[in-house]
$ cat target-v8.cif   # mmCIF, C-alpha atoms
data_target
loop_
_atom_site.label_atom_id
_atom_site.label_comp_id
_atom_site.auth_asym_id
_atom_site.auth_seq_id
_atom_site.Cartn_x
_atom_site.Cartn_y
_atom_site.Cartn_z
CA MET A 90 -68.76 7.95 -21.82
CA ASP A 91 -67.09 10.19 -24.34
CA PRO A 92 -63.38 9.19 -24.41
CA ILE A 93 -62.12 12.77 -24.80
CA LEU A 94 -64.17 13.93 -21.82
CA TYR A 95 -63.03 10.88 -19.86
CA ASN A 96 -59.40 11.66 -20.62
CA LYS A 97 -59.94 15.27 -19.55
CA ILE A 98 -61.46 14.22 -16.22
CA ILE A 99 -58.56 11.82 -15.57
CA SER A 100 -55.97 14.46 -16.42
CA VAL A 101 -57.64 17.08 -14.22
CA GLY A 102 -57.78 14.52 -11.42
CA VAL A 103 -54.13 13.49 -11.62
CA TYR A 104 -52.58 16.91 -12.25
CA GLY A 105 -55.04 18.52 -9.86
CA SER A 106 -54.16 16.16 -7.02
CA ALA A 107 -50.43 16.63 -7.62
CA ILE A 108 -50.75 20.44 -7.67
CA GLY A 109 -53.07 20.23 -4.68
CA LEU A 110 -50.42 18.33 -2.73
CA ILE A 111 -47.84 20.98 -3.60
CA LEU A 112 -50.20 23.76 -2.46
CA ILE A 113 -51.09 21.95 0.78
CA GLY A 114 -47.39 21.55 1.54
CA LEU A 115 -46.67 25.18 0.72
CA TYR A 116 -49.55 26.27 2.99
CA ALA A 117 -48.17 24.16 5.84
CA VAL A 118 -44.67 25.62 5.37
CA LEU A 119 -45.98 29.19 5.32
CA VAL A 120 -48.69 29.15 7.98
CA LYS A 121 -47.85 26.47 10.55
CA LYS A 122 -45.87 27.51 13.59
CA HIS A 123 -44.70 24.09 14.76
CA LEU A 124 -41.39 23.11 13.18
CA THR A 125 -42.31 19.44 12.83
CA LYS A 126 -45.36 20.46 10.83
CA ILE A 127 -43.16 22.59 8.58
CA VAL A 128 -40.94 19.56 7.91
CA ILE A 129 -44.07 17.52 7.15
CA GLY A 130 -45.11 20.27 4.74
CA LEU A 131 -41.78 19.97 2.92
CA SER A 132 -42.33 16.22 2.59
CA ILE A 133 -45.82 16.82 1.16
CA ILE A 134 -44.38 19.21 -1.45
CA ASP A 135 -41.89 16.44 -2.32
CA ALA A 136 -44.71 13.94 -2.80
CA GLY A 137 -46.61 16.34 -5.06
CA VAL A 138 -43.57 16.97 -7.27
CA HIS A 139 -42.92 13.23 -7.59
CA LEU A 140 -46.53 12.60 -8.60
CA LEU A 141 -46.29 15.39 -11.20
CA PHE A 142 -43.14 13.84 -12.69
CA ILE A 143 -44.66 10.37 -12.95
CA ALA A 144 -47.87 11.80 -14.44
CA VAL A 145 -45.92 13.63 -17.17
CA GLY A 146 -44.05 10.42 -18.05
CA PHE A 147 -47.21 8.29 -18.22
CA ILE A 148 -48.38 7.01 -21.60
CA LYS A 149 -51.95 5.81 -22.02
CA GLY A 150 -52.09 2.02 -22.15
CA GLY A 151 -48.38 1.82 -21.43
CA THR A 152 -46.86 -0.94 -19.33
CA ALA A 153 -44.14 -0.59 -16.74
CA PRO A 154 -40.68 -0.31 -18.38
CA ILE A 155 -39.65 -3.84 -17.36
CA PHE A 156 -39.01 -6.41 -20.07
CA SER A 157 -39.85 -10.08 -19.91
CA GLU A 158 -40.26 -12.67 -22.66
CA LYS A 159 -43.91 -11.74 -22.95
CA GLY A 160 -43.12 -8.04 -22.61
CA ILE A 161 -40.76 -8.04 -25.61
CA GLU A 162 -43.49 -9.73 -27.66
CA LEU A 163 -45.99 -7.09 -26.58
CA VAL A 164 -43.59 -4.25 -27.42
CA ASN A 165 -42.93 -5.75 -30.84
CA GLN A 166 -46.69 -5.83 -31.37
CA GLY A 167 -46.81 -2.12 -30.63
CA THR A 168 -47.77 -1.87 -26.98
CA ALA A 169 -46.27 1.27 -25.52
CA MET A 170 -44.07 1.41 -22.45
CA VAL A 171 -44.12 4.43 -20.17
CA ASP A 172 -41.15 6.79 -20.26
CA PRO A 173 -38.48 5.37 -17.89
CA VAL A 174 -36.54 8.63 -17.48
CA PRO A 175 -38.94 10.42 -15.07
CA GLN A 176 -39.18 7.27 -12.98
CA ALA A 177 -35.40 7.09 -12.63
CA LEU A 178 -35.28 10.80 -11.74
CA VAL A 179 -38.00 10.37 -9.12
CA LEU A 180 -36.01 7.51 -7.57
CA THR A 181 -33.15 9.99 -7.15
CA ALA A 182 -35.47 12.70 -5.85
CA ILE A 183 -36.98 10.42 -3.20
CA VAL A 184 -33.53 9.67 -1.79
CA ILE A 185 -32.56 13.35 -1.73
CA GLY A 186 -35.92 14.14 -0.09
CA PHE A 187 -35.12 11.63 2.61
CA GLY A 188 -31.78 13.32 3.25
CA VAL A 189 -33.41 16.75 3.48
CA THR A 190 -36.07 15.49 5.90
CA ALA A 191 -33.51 13.76 8.11
CA VAL A 192 -31.27 16.81 8.44
CA ALA A 193 -34.27 19.14 8.96
CA LEU A 194 -35.60 16.90 11.73
CA SER A 195 -32.22 16.81 13.42
CA LEU A 196 -32.15 20.64 13.42
CA VAL A 197 -35.66 20.64 14.93
CA ILE A 198 -34.46 18.28 17.67
CA ARG A 199 -31.49 20.54 18.35
CA LEU A 200 -33.77 23.62 18.58
CA TYR A 201 -36.18 21.79 20.87
CA ARG A 202 -33.33 20.74 23.13
CA HIS A 203 -32.13 24.31 23.45
CA HIS A 204 -35.41 26.23 23.72
CA HIS A 205 -37.69 23.50 25.13
CA THR A 206 -40.22 24.34 22.44
CA ALA A 207 -40.48 23.60 18.75
CA ARG A 208 -42.87 26.48 17.95
CA ILE A 209 -41.12 29.21 16.03
CA ASP A 210 -43.32 31.98 17.49
CA HIS A 211 -42.12 31.02 20.99
CA ILE A 212 -38.46 31.25 20.03
CA LYS A 213 -37.59 34.90 20.54
CA SER A 214 -33.82 34.99 20.42
CA LEU A 215 -32.03 35.05 17.10
CA LYS A 216 -28.85 33.49 18.46
CA TRP A 217 -28.48 30.12 20.16
CA MET B 273 -53.48 40.46 6.39
CA LYS B 274 -50.72 37.86 6.40
CA ARG B 275 -53.28 35.16 5.65
CA ALA B 276 -54.51 37.14 2.66
CA PHE B 277 -50.99 37.42 1.26
CA ILE B 278 -50.40 33.70 1.75
CA LEU B 279 -53.68 32.83 0.04
CA LEU B 280 -52.78 35.15 -2.83
CA LEU B 281 -49.38 33.46 -3.16
CA LEU B 282 -50.98 30.01 -3.13
CA VAL B 283 -53.51 31.05 -5.77
CA VAL B 284 -50.74 32.46 -7.99
CA VAL B 285 -48.55 29.35 -7.61
CA GLY B 286 -51.49 27.04 -8.20
CA TRP B 287 -52.65 29.01 -11.23
CA VAL B 288 -49.18 29.02 -12.81
CA LEU B 289 -48.76 25.27 -12.26
CA ALA B 290 -52.28 24.48 -13.49
CA ASP B 291 -51.86 26.68 -16.56
CA THR B 292 -48.55 24.99 -17.42
CA PHE B 293 -49.79 21.47 -16.99
CA SER B 294 -53.12 22.04 -18.72
CA GLN B 295 -51.07 22.33 -21.93
CA ILE B 296 -49.51 18.89 -21.41
CA ASN B 297 -51.94 16.18 -22.45
CA PHE B 298 -52.08 13.43 -19.89
CA GLY B 299 -51.22 9.97 -21.23
CA GLU B 300 -49.95 11.20 -24.57
CA SER B 301 -46.78 9.61 -25.90
CA ARG B 302 -43.95 12.12 -25.92
CA MET B 303 -41.16 9.71 -26.77
CA GLY B 304 -41.80 9.65 -30.52
CA ASP B 305 -41.30 6.43 -32.41
CA ILE B 306 -39.31 4.09 -30.19
CA LYS B 307 -37.38 2.56 -33.08
CA GLN B 308 -36.33 6.01 -34.34
CA GLN B 309 -34.70 6.87 -30.99
CA GLU B 310 -35.57 10.54 -31.16
CA THR B 311 -35.72 11.01 -27.39
CA VAL B 312 -33.56 9.77 -24.58
CA GLY B 313 -36.37 7.58 -23.20
CA ALA B 314 -36.76 5.84 -26.56
CA TYR B 315 -33.00 5.27 -26.70
CA TYR B 316 -33.03 3.62 -23.28
CA LEU B 317 -36.04 1.44 -24.10
CA ASN B 318 -34.49 0.38 -27.39
CA ASN B 319 -30.96 -0.38 -26.23
CA THR B 320 -31.28 -1.75 -22.71
CA VAL B 321 -32.31 -5.29 -23.69
CA GLU B 322 -29.90 -5.66 -26.59
CA LYS B 323 -26.79 -4.09 -25.11
CA LEU B 324 -27.13 -4.75 -21.39
CA SER B 325 -29.64 -7.64 -21.15
CA VAL B 326 -31.27 -5.96 -18.18
CA ALA B 327 -35.01 -6.44 -17.82
CA ASN B 328 -35.73 -3.39 -15.66
CA VAL B 329 -35.04 -0.26 -17.72
CA VAL B 330 -35.24 2.05 -14.69
CA THR B 331 -32.46 0.08 -13.01
CA ALA B 332 -30.38 0.25 -16.19
CA ILE B 333 -30.77 4.05 -16.24
CA VAL B 334 -30.04 4.53 -12.55
CA VAL B 335 -27.04 2.20 -12.32
CA ASN B 336 -25.56 2.06 -15.81
CA TYR B 337 -26.40 5.13 -17.87
CA ARG B 338 -26.49 7.47 -14.89
CA GLY B 339 -24.16 5.49 -12.63
CA PHE B 340 -22.05 8.48 -11.70
CA ASP B 341 -25.20 10.32 -10.60
CA THR B 342 -26.10 7.35 -8.39
CA LEU B 343 -22.63 7.47 -6.81
CA GLY B 344 -23.28 11.12 -5.98
CA GLU B 345 -26.72 10.25 -4.64
CA VAL B 346 -25.27 7.63 -2.30
CA THR B 347 -22.74 10.25 -1.19
CA VAL B 348 -25.55 12.70 -0.42
CA LEU B 349 -27.24 10.02 1.67
CA PHE B 350 -23.97 9.37 3.51
CA LEU B 351 -23.51 13.10 4.14
CA ALA B 352 -27.09 13.38 5.43
CA ALA B 353 -26.51 10.50 7.84
CA SER B 354 -23.19 11.82 9.12
CA GLY B 355 -24.51 15.40 9.26
CA LEU B 356 -27.44 14.19 11.35
CA ALA B 357 -25.08 12.44 13.74
CA SER B 358 -22.82 15.48 14.05
CA ILE B 359 -25.75 17.87 14.61
CA LEU B 360 -27.25 15.66 17.30
CA TYR B 361 -24.00 14.72 19.00
CA ARG B 362 -23.56 16.13 22.47
CA ARG B 363 -21.40 15.11 25.37
CA LYS B 364 -23.42 13.72 28.23
CA LYS B 365 -23.71 16.02 31.22
CA ARG B 366 -23.95 14.85 34.82
CA GLY B 367 -27.28 13.32 35.74
CA GLU B 368 -28.49 12.85 32.21
CA HIS B 369 -30.42 9.83 31.11
CA ASP B 370 -29.46 7.89 28.06
CA VAL B 371 -32.75 6.35 27.03
CA MET B 372 -36.00 8.19 26.41
CA ILE B 373 -38.33 5.22 26.09
CA LEU B 374 -39.23 4.03 29.56
CA LYS B 375 -42.16 1.70 28.94
CA ASN B 376 -41.91 -1.75 27.47
CA SER B 377 -43.97 -2.39 24.40
CA SER B 378 -46.70 -5.00 24.50
CA GLN B 379 -46.05 -8.72 24.39
CA LEU B 380 -47.90 -8.92 21.09
CA LEU B 381 -45.59 -6.42 19.37
CA GLN B 382 -42.46 -8.04 20.85
CA THR B 383 -43.32 -11.58 19.75
CA GLY B 384 -44.62 -10.46 16.38
CA ALA B 385 -41.52 -8.36 15.71
CA LYS B 386 -39.21 -11.26 16.59
CA LEU B 387 -41.20 -13.51 14.26
CA ILE B 388 -41.37 -11.17 11.29
CA PHE B 389 -37.92 -9.52 11.50
CA PRO B 390 -35.93 -12.22 9.60
CA ALA B 391 -38.63 -12.32 6.93
CA ILE B 392 -38.31 -8.55 6.41
CA LEU B 393 -34.52 -8.88 6.06
CA VAL B 394 -34.93 -11.67 3.50
CA LEU B 395 -37.50 -9.62 1.55
CA GLY B 396 -35.16 -6.63 1.47
CA ALA B 397 -32.26 -8.79 0.26
CA TYR B 398 -34.52 -10.32 -2.38
CA VAL B 399 -35.56 -6.87 -3.60
CA PHE B 400 -32.02 -5.60 -4.04
CA ILE B 401 -30.58 -8.83 -5.47
CA HIS B 402 -33.35 -8.94 -8.09
CA GLY B 403 -33.13 -5.20 -8.78
CA HIS B 404 -32.31 -5.71 -12.45
CA LEU B 405 -35.15 -8.19 -13.06
CA THR B 406 -38.15 -7.00 -11.05
CA PRO B 407 -39.40 -3.63 -9.81
CA GLY B 408 -37.05 -2.78 -7.01
CA GLY B 409 -33.39 -2.17 -6.42
CA GLY B 410 -30.78 -1.18 -3.91
CA PHE B 411 -32.53 1.87 -2.48
CA GLN B 412 -35.86 0.12 -2.07
CA GLY B 413 -34.32 -3.04 -0.61
CA GLY B 414 -32.21 -1.01 1.79
CA ALA B 415 -35.29 0.93 2.94
CA ILE B 416 -37.15 -2.35 3.56
CA ILE B 417 -34.27 -3.69 5.68
CA ALA B 418 -34.14 -0.43 7.66
CA SER B 419 -37.91 -0.70 8.26
CA GLY B 420 -37.25 -4.13 9.80
CA PHE B 421 -34.75 -2.55 12.17
CA LEU B 422 -37.28 0.19 12.96
CA LEU B 423 -39.76 -2.53 13.97
CA MET B 424 -37.15 -3.99 16.33
CA PHE B 425 -36.40 -0.53 17.78
CA MET B 426 -40.10 -0.05 18.44
CA ALA B 427 -40.60 -3.48 19.98
CA TYR B 428 -37.56 -3.65 22.26
CA LYS B 429 -36.53 -0.56 24.16
CA ASP B 430 -32.95 -1.75 24.73
CA TYR B 431 -32.39 -2.94 21.17
CA HIS B 432 -29.16 -1.45 19.82
CA VAL B 433 -27.26 -1.81 16.61
CA SER B 434 -23.53 -1.25 16.95
CA HIS B 435 -22.39 1.91 15.21
CA ASN B 436 -19.07 0.22 14.41
CA VAL B 437 -20.77 -2.57 12.48
CA LEU B 438 -22.91 -0.04 10.58
CA THR B 439 -19.87 2.08 9.70
CA TRP B 440 -17.96 -0.99 8.49
CA VAL B 441 -20.83 -2.25 6.31
CA GLU B 442 -21.30 1.23 4.88
CA SER B 443 -17.60 1.74 4.15
CA VAL B 444 -17.10 -1.67 2.54
CA ALA B 445 -20.19 -1.18 0.34
CA GLY B 446 -19.03 2.29 -0.70
CA ILE B 447 -15.52 1.01 -1.50
CA LEU B 448 -17.08 -1.81 -3.56
CA PHE B 449 -19.09 0.72 -5.59
CA VAL B 450 -16.08 2.94 -6.27
CA SER B 451 -13.78 0.00 -7.05
CA VAL B 452 -16.29 -1.31 -9.61
CA GLY B 453 -16.06 2.13 -11.21
CA ILE B 454 -12.25 2.10 -11.14
CA TRP B 455 -12.29 -1.44 -12.58
CA GLY B 456 -13.89 0.11 -15.67
CA LEU B 457 -11.05 2.65 -15.85
CA ILE B 458 -8.37 -0.04 -15.47
CA SER B 459 -9.83 -2.20 -18.22
CA GLY B 460 -9.47 0.68 -20.64
CA ALA B 461 -12.99 2.10 -20.73
CA THR B 462 -14.57 4.94 -18.74
CA PHE B 463 -15.40 5.20 -15.03
CA LEU B 464 -18.30 2.85 -14.12
CA GLU B 465 -18.27 1.30 -17.58
CA ASN B 466 -20.06 -2.04 -17.73
CA VAL B 467 -17.03 -4.27 -18.24
CA LEU B 468 -18.45 -7.71 -17.43
CA GLY B 469 -20.29 -9.90 -19.91
CA THR B 470 -23.97 -9.12 -19.92
CA GLY B 471 -25.33 -12.69 -20.07
CA THR B 472 -28.88 -13.53 -21.11
CA LEU B 473 -32.02 -11.58 -20.31
CA ASN B 474 -33.95 -12.55 -17.16
CA ASP B 475 -31.08 -14.56 -15.66
CA LEU B 476 -30.13 -13.77 -12.09
CA ILE B 477 -26.51 -13.27 -13.15
CA SER B 478 -26.91 -10.89 -16.06
CA GLY B 479 -26.36 -7.25 -16.82
CA GLY B 480 -22.64 -7.19 -16.03
CA VAL B 481 -21.79 -5.00 -13.03
CA ILE B 482 -25.36 -3.78 -12.42
CA PRO B 483 -26.29 -6.46 -9.81
CA LEU B 484 -22.92 -5.97 -8.07
CA ILE B 485 -23.44 -2.22 -7.77
CA TYR B 486 -27.05 -2.60 -6.64
CA ILE B 487 -26.09 -5.11 -3.95
CA ALA B 488 -23.47 -2.64 -2.70
CA VAL B 489 -26.04 0.17 -2.78
CA GLY B 490 -28.54 -2.04 -0.91
CA PHE B 491 -26.11 -2.72 1.95
CA LYS B 492 -25.03 0.92 2.07
CA VAL B 493 -28.58 2.31 2.16
CA ALA B 494 -29.68 -0.23 4.76
CA ALA B 495 -26.73 0.63 7.02
CA GLU B 496 -27.23 4.38 6.57
CA LEU B 497 -30.97 4.38 7.25
CA THR B 498 -30.51 2.13 10.27
CA GLY B 499 -27.80 4.49 11.52
CA VAL B 500 -30.15 7.46 11.11
CA LEU B 501 -32.89 5.65 13.07
CA GLU B 502 -30.43 4.66 15.79
CA THR B 503 -29.16 8.25 16.12
CA LEU B 504 -32.66 9.76 16.19
CA LEU B 505 -33.98 7.28 18.73
CA ASN B 506 -31.09 7.35 21.17
CA PHE B 507 -30.33 11.03 21.58
CA LYS B 508 -29.72 12.12 25.13
CA THR B 509 -32.37 13.96 27.06
CA GLU B 510 -31.90 16.66 29.63
CA LYS B 511 -33.10 15.87 33.08
#

$ encode --input "target-v8.cif" --output "structure tokens"
Amino acid sequence: MDPILYNKIISVGVYGSAIGLILIGLYAVLVKKHLTKIVIGLSIIDAGVHLLFIAVGFIKGGTAPIFSEKGIELVNQGTAMVDPVPQALVLTAIVIGFGVTAVALSLVIRLYRHHHTARIDHIKSLKW
Amino acid sequence: MKRAFILLLLVVVGWVLADTFSQINFGESRMGDIKQQETVGAYYLNNTVEKLSVANVVTAIVVNYRGFDTLGEVTVLFLAASGLASILYRRKKRGEHDVMILKNSSQLLQTGAKLIFPAILVLGAYVFIHGHLTPGGGFQGGAIIASGFLLMFMAYKDYHVSHNVLTWVESVAGILFVSVGIWGLISGATFLENVLGTGTLNDLISGGVIPLIYIAVGFKVAAELTGVLETLLNFKTEK
């Protein structure tokens, strides 16, 4: 197979799936009525953004940015390592995403306790 | 009508993202020559082994170069856990039940959970102790330990972890993190400066304060995630 075409297919696949995840999450946030599903949509957007970050930092043929005796030899021979900065940022983003999900779920539980439903179209009152 | 607007919005967002990322070639090196240190990634890759003797560059970035950011991140996690508890807290009214789960789980799950629980704890501890040598670290190890506790919560309906113990573990780990940072200040450098000797690459005790901080982070994350699970599982129901 032509390597340029192959690279194009791979890039469309990776970026496309990441953007697809973001769009699926956005659709769930906008359309779904159940609050738990909205929180799940936020998590899916998170996953898409993380995948996009890692894909931008990837270098073809690169190894993970972890050195060993053999790894230093390989780097000295010219083997590339992937960019470590996006990976470190995604580690931060995952933790923040967890915090957001936890607090959002606790608000959903609180709403459910008060209104006995977690569907936003069944909650009529603005104050609670 | 609303659907049409939402679809239009999705198409616009998708088109903007796709147009942006179609100009970024996938798999192309954007760090420049590593030895020239033109970008921040190249600087980290070039200096981590020589100056810090840490094998895992991501760990070196998270704990050493961006250590202050990690302290803030741990604080955000702590605030999320305590915010969750304060949002869900409610005084028990008369006639309310404490426990939602009424049915016992199966014998298979109970025995299997008891068998595998210590192994999960050991794996989590391994992951955060070796955070500077292998893929892993404090956050990942803490999440593994919390998943072990989740298994126990699922298997045994009366399984409880004392909130006092969790708070103590969390506080001591947080104080350890901050005092390592202040140690750097006292010894004449900056906050969270790596003041210990770095040792040799691929030793368990190497990298100066990085393993210390990651062990503290591991305990803190494990305690916080377990606390979140405990709060979410044991909220009071109206009856």

$ closest_residue --input "target-v8.cif" --among "B:Gly499, B:Gly384, B:Pro483, B:Gly469" --to "chain A" --atoms "all atoms listed in the file"
B:Gly499

$ resolve_selection --input "target-v8.cif" --expression "the PyMOL selection byres ((chain B) within 6 of (chain A))" --output "ChimeraX atom specification"
/B:298-301,313,327-330,334,349,352,356

$ residues_near_point --input "target-v8.cif" --point "(-17.5, 0.3, -9.1)" --cutoff "10 Å" --atoms "all atoms listed in the file" --output "VMD selection string"
chain B and resid 339 to 340 343 445 to 457 463 to 466 481 to 482 484 to 485 488

$ atom_distance --input "target-v8.cif" --atom1 "CA of Leu393 (chain B)" --atom2 "CA of Ile417 (chain B)"
5.2 Å

$ resolve_selection --input "target-v8.cif" --expression "the PyMOL selection byres ((chain B and resi 425) around 12)" --output "VMD selection string"
chain B and resid 373 376 to 377 381 to 382 385 to 386 389 418 to 424 426 to 433 498 to 499 501 to 506

$ residues_near_point --input "target-v8.cif" --point "(-50.2, 24.9, 5.0)" --cutoff "12 Å" --atoms "all atoms listed in the file" --output "list in words"
Gly109, Leu110, Ile111, Leu112, Ile113, Gly114, Leu115, Tyr116, Ala117, Val118, Leu119, Val120, Lys121, Lys122, His123, Lys126, Ile127, Val128, Ile129, Gly130, Leu131, Ser132, Ile133 and Ile134 of chain A; Arg275, Ile278, Leu279, Leu281 and Leu282 of chain B

$ closest_residue --input "target-v8.cif" --among "B:Ile306, B:Ala353, B:Ile359, B:Val285" --to "Asn318 (chain B)" --atoms "only C-alpha atoms"
B:Ile306

$ atom_distance --input "target-v8.cif" --atom1 "CA of Thr320 (chain B)" --atom2 "CA of Leu473 (chain B)"
10.1 Å

$ atom_distance --input "target-v8.cif" --atom1 "CA of Ala415 (chain B)" --atom2 "CA of Phe491 (chain B)"
9.9 Å

$ closest_residue --input "target-v8.cif" --among "B:Arg362, B:His435, B:Lys492, B:Arg338" --to "Gly410 (chain B)" --atoms "all atoms listed in the file"
B:Lys492

$ resolve_selection --input "target-v8.cif" --expression "the PyMOL selection byres ((chain A and resi 209) around 10)" --output "mmCIF file with C-alpha atoms, keeping the file's coordinate frame"
data_model
loop_
_atom_site.group_PDB
_atom_site.id
_atom_site.type_symbol
_atom_site.label_atom_id
_atom_site.label_comp_id
_atom_site.auth_asym_id
_atom_site.auth_seq_id
_atom_site.Cartn_x
_atom_site.Cartn_y
_atom_site.Cartn_z
ATOM 1 C CA LYS A 121 -47.850 26.470 10.550
ATOM 2 C CA LYS A 122 -45.870 27.510 13.590
ATOM 3 C CA HIS A 123 -44.700 24.090 14.760
ATOM 4 C CA LEU A 124 -41.390 23.110 13.180
ATOM 5 C CA LEU A 200 -33.770 23.620 18.580
ATOM 6 C CA THR A 206 -40.220 24.340 22.440
ATOM 7 C CA ALA A 207 -40.480 23.600 18.750
ATOM 8 C CA ARG A 208 -42.870 26.480 17.950
ATOM 9 C CA ASP A 210 -43.320 31.980 17.490
ATOM 10 C CA HIS A 211 -42.120 31.020 20.990
ATOM 11 C CA ILE A 212 -38.460 31.250 20.030
ATOM 12 C CA LYS A 213 -37.590 34.900 20.540
#

$ closest_residue --input "target-v8.cif" --among "B:Ile296, B:Val288, B:Leu497, B:Val283" --to "Phe142 (chain A)" --atoms "only C-alpha atoms"
B:Ile296

$ axis_aligned_box --input "target-v8.cif" --around "region 436-450 of chain B" --padding-each-side "8 Å" --output "lines of an AutoDock Vina configuration file"
center_x = -19.2
center_y = 0.2
center_z = 4.1
size_x = 23.4
size_y = 21.5
size_z = 36.7

$ closest_residue --input "target-v8.cif" --among "B:Gly344, B:Gly490, B:Gly304, B:Gly286" --to "His402 (chain B)" --atoms "all atoms listed in the file"
B:Gly490

$ closest_residue --input "target-v8.cif" --among "B:Ala276, B:Ile392, B:Ala290, B:Val467" --to "Ser106 (chain A)" --atoms "all atoms listed in the file"
B:Ala290

$ decode --input "target-v8.cif" --residues "region 160-174 of chain A" --atoms "N, CA and C atoms" --output "short mmCIF file (atom, residue, chain, number, x, y, z; two decimals), in the first residue's frame"
data_model
loop_
_atom_site.label_atom_id
_atom_site.label_comp_id
_atom_site.auth_asym_id
_atom_site.auth_seq_id
_atom_site.Cartn_x
_atom_site.Cartn_y
_atom_site.Cartn_z
N GLY A 160 16.68 1.68 26.06
CA GLY A 160 16.01 2.83 25.49
C GLY A 160 16.98 3.96 25.18
N ILE A 161 17.96 4.18 26.07
CA ILE A 161 18.94 5.25 25.84
C ILE A 161 19.76 4.92 24.60
N GLU A 162 20.13 3.62 24.46
CA GLU A 162 20.84 3.20 23.25
C GLU A 162 20.03 3.50 22.00
N LEU A 163 18.74 3.14 22.06
CA LEU A 163 17.88 3.35 20.89
C LEU A 163 17.77 4.84 20.56
N VAL A 164 17.64 5.68 21.60
CA VAL A 164 17.51 7.12 21.35
C VAL A 164 18.80 7.65 20.75
N ASN A 165 19.95 7.16 21.27
CA ASN A 165 21.22 7.61 20.69
C ASN A 165 21.35 7.19 19.24
N GLN A 166 20.72 6.05 18.88
CA GLN A 166 20.75 5.63 17.48
C GLN A 166 19.77 6.42 16.63
N GLY A 167 18.92 7.22 17.23
CA GLY A 167 18.04 8.06 16.45
C GLY A 167 16.58 7.66 16.47
N THR A 168 16.21 6.71 17.32
CA THR A 168 14.79 6.38 17.44
C THR A 168 14.08 7.51 18.19
N ALA A 169 12.93 7.90 17.64
CA ALA A 169 12.23 9.03 18.25
C ALA A 169 11.44 8.56 19.46
N MET A 170 11.21 9.50 20.38
CA MET A 170 10.28 9.27 21.48
C MET A 170 9.11 10.21 21.29
N VAL A 171 7.92 9.78 21.69
CA VAL A 171 6.76 10.66 21.51
C VAL A 171 6.87 11.82 22.49
N ASP A 172 6.17 12.91 22.17
CA ASP A 172 6.22 14.11 22.98
C ASP A 172 5.63 13.83 24.37
N PRO A 173 6.38 14.03 25.45
CA PRO A 173 5.83 13.71 26.78
C PRO A 173 4.89 14.77 27.33
N VAL A 174 4.91 15.99 26.77
CA VAL A 174 4.13 17.07 27.37
C VAL A 174 2.62 16.82 27.28
#
